[in-house]
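This report concerns only the one structure given below.
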Amino acid sequence: KLSDRLATVANYIPKGSRIADIGSDHAYLPCHMVKKGAVRYAIAGEVAEGPYQSALKQVQLEGLTKSIDVRKGDGLEVIQPGEVECITIAGMGGTLITSILEAGKDKLVNVERLILQPNVGAHAIRSWLCENNWRLVSESILKEDGKIYEVLVAQNGTGEDIKSDMQELELLFGPFLLKEKNDAFCEKWALEKTNWQRILNQLEQAEQNDSTLEKKREIENKLKMVEEVLS
Ligand code: SAM
């Protein structure tokens with residue numbers, strides 16, 4: 001059984017598509033999707049030897065070597081343009097996910113959907129999507145084992161009404177999550193707020209120079225936004 005986090009990612013995968021799961025580790029997500037008959041073909045990409053071996057082992061164990069290709073390589077270099085319609089990248093930081101997408105842009109031409117699950121730093125992904133003609137179409141936030149996760153879903157923007165004008169507030173909190181404001185969302189941002197307040201207190205006690213002043217302004221701005229959102 002998949003974790004709730006990966007099950008949320010799985011729910012957004014279009015039925016019958018071909019997928020690439022980048023940073024697949026044990027290849028649990030591709031194995032689950034192929035076993036269910038929900039996707040017809042999957043690539044499990046891994047950059048690190050240990051997780052790559054785990055993926056190979058899992059796919060063999062489940063007898064899925066015909067439908068799942070386990071490939072070793074950095075980010076999107078394991079796929080050829082046109083091989084898959086959907087890419088999933090889960091369980092990494094938002095900045096790493098963004099750099100994987102940026103480095104592999106040429107592989108995204110025929111990709112229709114991206115499903116991205118950053119552990120932190122979702123705003124970096126939202127900015128990248130806006131700047132690169134991807135339309136954010138859905139978001140989820142959930143809590144599992146004491147951790148809060150976000151899932152972002154984007155469609156290739158070609159020929160469609162591209163949502164490329166996210167405001168600062170939407171980039172940080174997520175336009176869909178902001179509308180829903182569920183319990184996980186409120187808990188995440190209450191925690192962030194406490195964290196920022198602690199940093200602000202530390203900055204106030206530090207020597208005041210241009211750099212501390214700028215950091216203070218930045219955090220005050222974020223605190224203002226989080227207070228507005230949680231009020
Ligand atoms: N996707 C799985 C999940 O969500 O449960 C595994 C997440 S695991 C925490 C992150 C995996 O990403 C690691 O196995 C790591 O080796 C892999 N990874 C990190 N950077 C990568 C890159 N540039 N290309 C491919 N895999 C990468």
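Ordering of the structure tokens sets the chain letters (A, B, ...); residue numbers start at 1 within each chain; ligands are numbered from 1 in the order shown.
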Inset, instruction - For ligand 1, list the contacting residues at 8 Å or closer, counting only C-alpha atoms and all ligand atoms, as a ChimeraX atom specification. - result: /A:5-6,21-29,45-52,72-76,89-92,96-97,100,117
Legend entry - All alpha helix (DSSP H) positions in region 102-207 of chain A, as an NGL selection string: :A and (102-103 or 122-131 or 168-173 or 175-180 or 183-205)
Inset, instruction - Excluding region 220-225 of chain A and residues on its chain fewer than 3 positions from it, collect all residues at most 8 Å away from it, counting only C-alpha atoms, and give them as JSON, numbers by chain. - result: {"A": [169, 193, 196, 197, 200, 216, 217, 228, 229]}
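In this structure, CA of Ser127 (chain A) sits 26.1 Å away from CA of Asp4 (chain A).
Among the candidates A:Gln202, A:Thr65, A:Asn132, A:Gln155, the one nearest to Cys86 (chain A) when counting only C-alpha atoms is A:Gln155.
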Legend entry - All residues 8 Å or closer to region 102-107 of chain A, only C-alpha atoms, same chain fewer than 4 positions away omitted, as a list in words: Gly75, Leu76, Glu77, Ile79, Gln80, Pro81, Gly82, Thr98 and Val111 of chain A
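Using only C-alpha atoms, the smallest distance between any of A:Val109, A:Leu152, A:Val9, A:Ile68 and Gly121 (chain A) comes from A:Leu152.
What separates CA of Asn11 (chain A) from CA of Gly93 (chain A) is a distance of 21.0 Å.
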Inset, instruction - For CA of Leu230 (chain A) and CA of Lys215 (chain A), determine how far apart the two atoms are, in Å to one decimal place. - result: 22.4 Å
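DSSP annotation of region 28-125 of chain A from backbone atoms: strand (DSSP E) residues are Val39, Arg40, Tyr41, Ala42, Ile43, Ala44, Gly45, Glu46, Ile68, Asp69, Val70, Arg71, Lys72, Cys86, Ile87, Thr88, Ile89, Ala90, Gly91, Met92, Arg113, Leu114, Ile115, Leu116, Gln117 and Pro118 of chain A.
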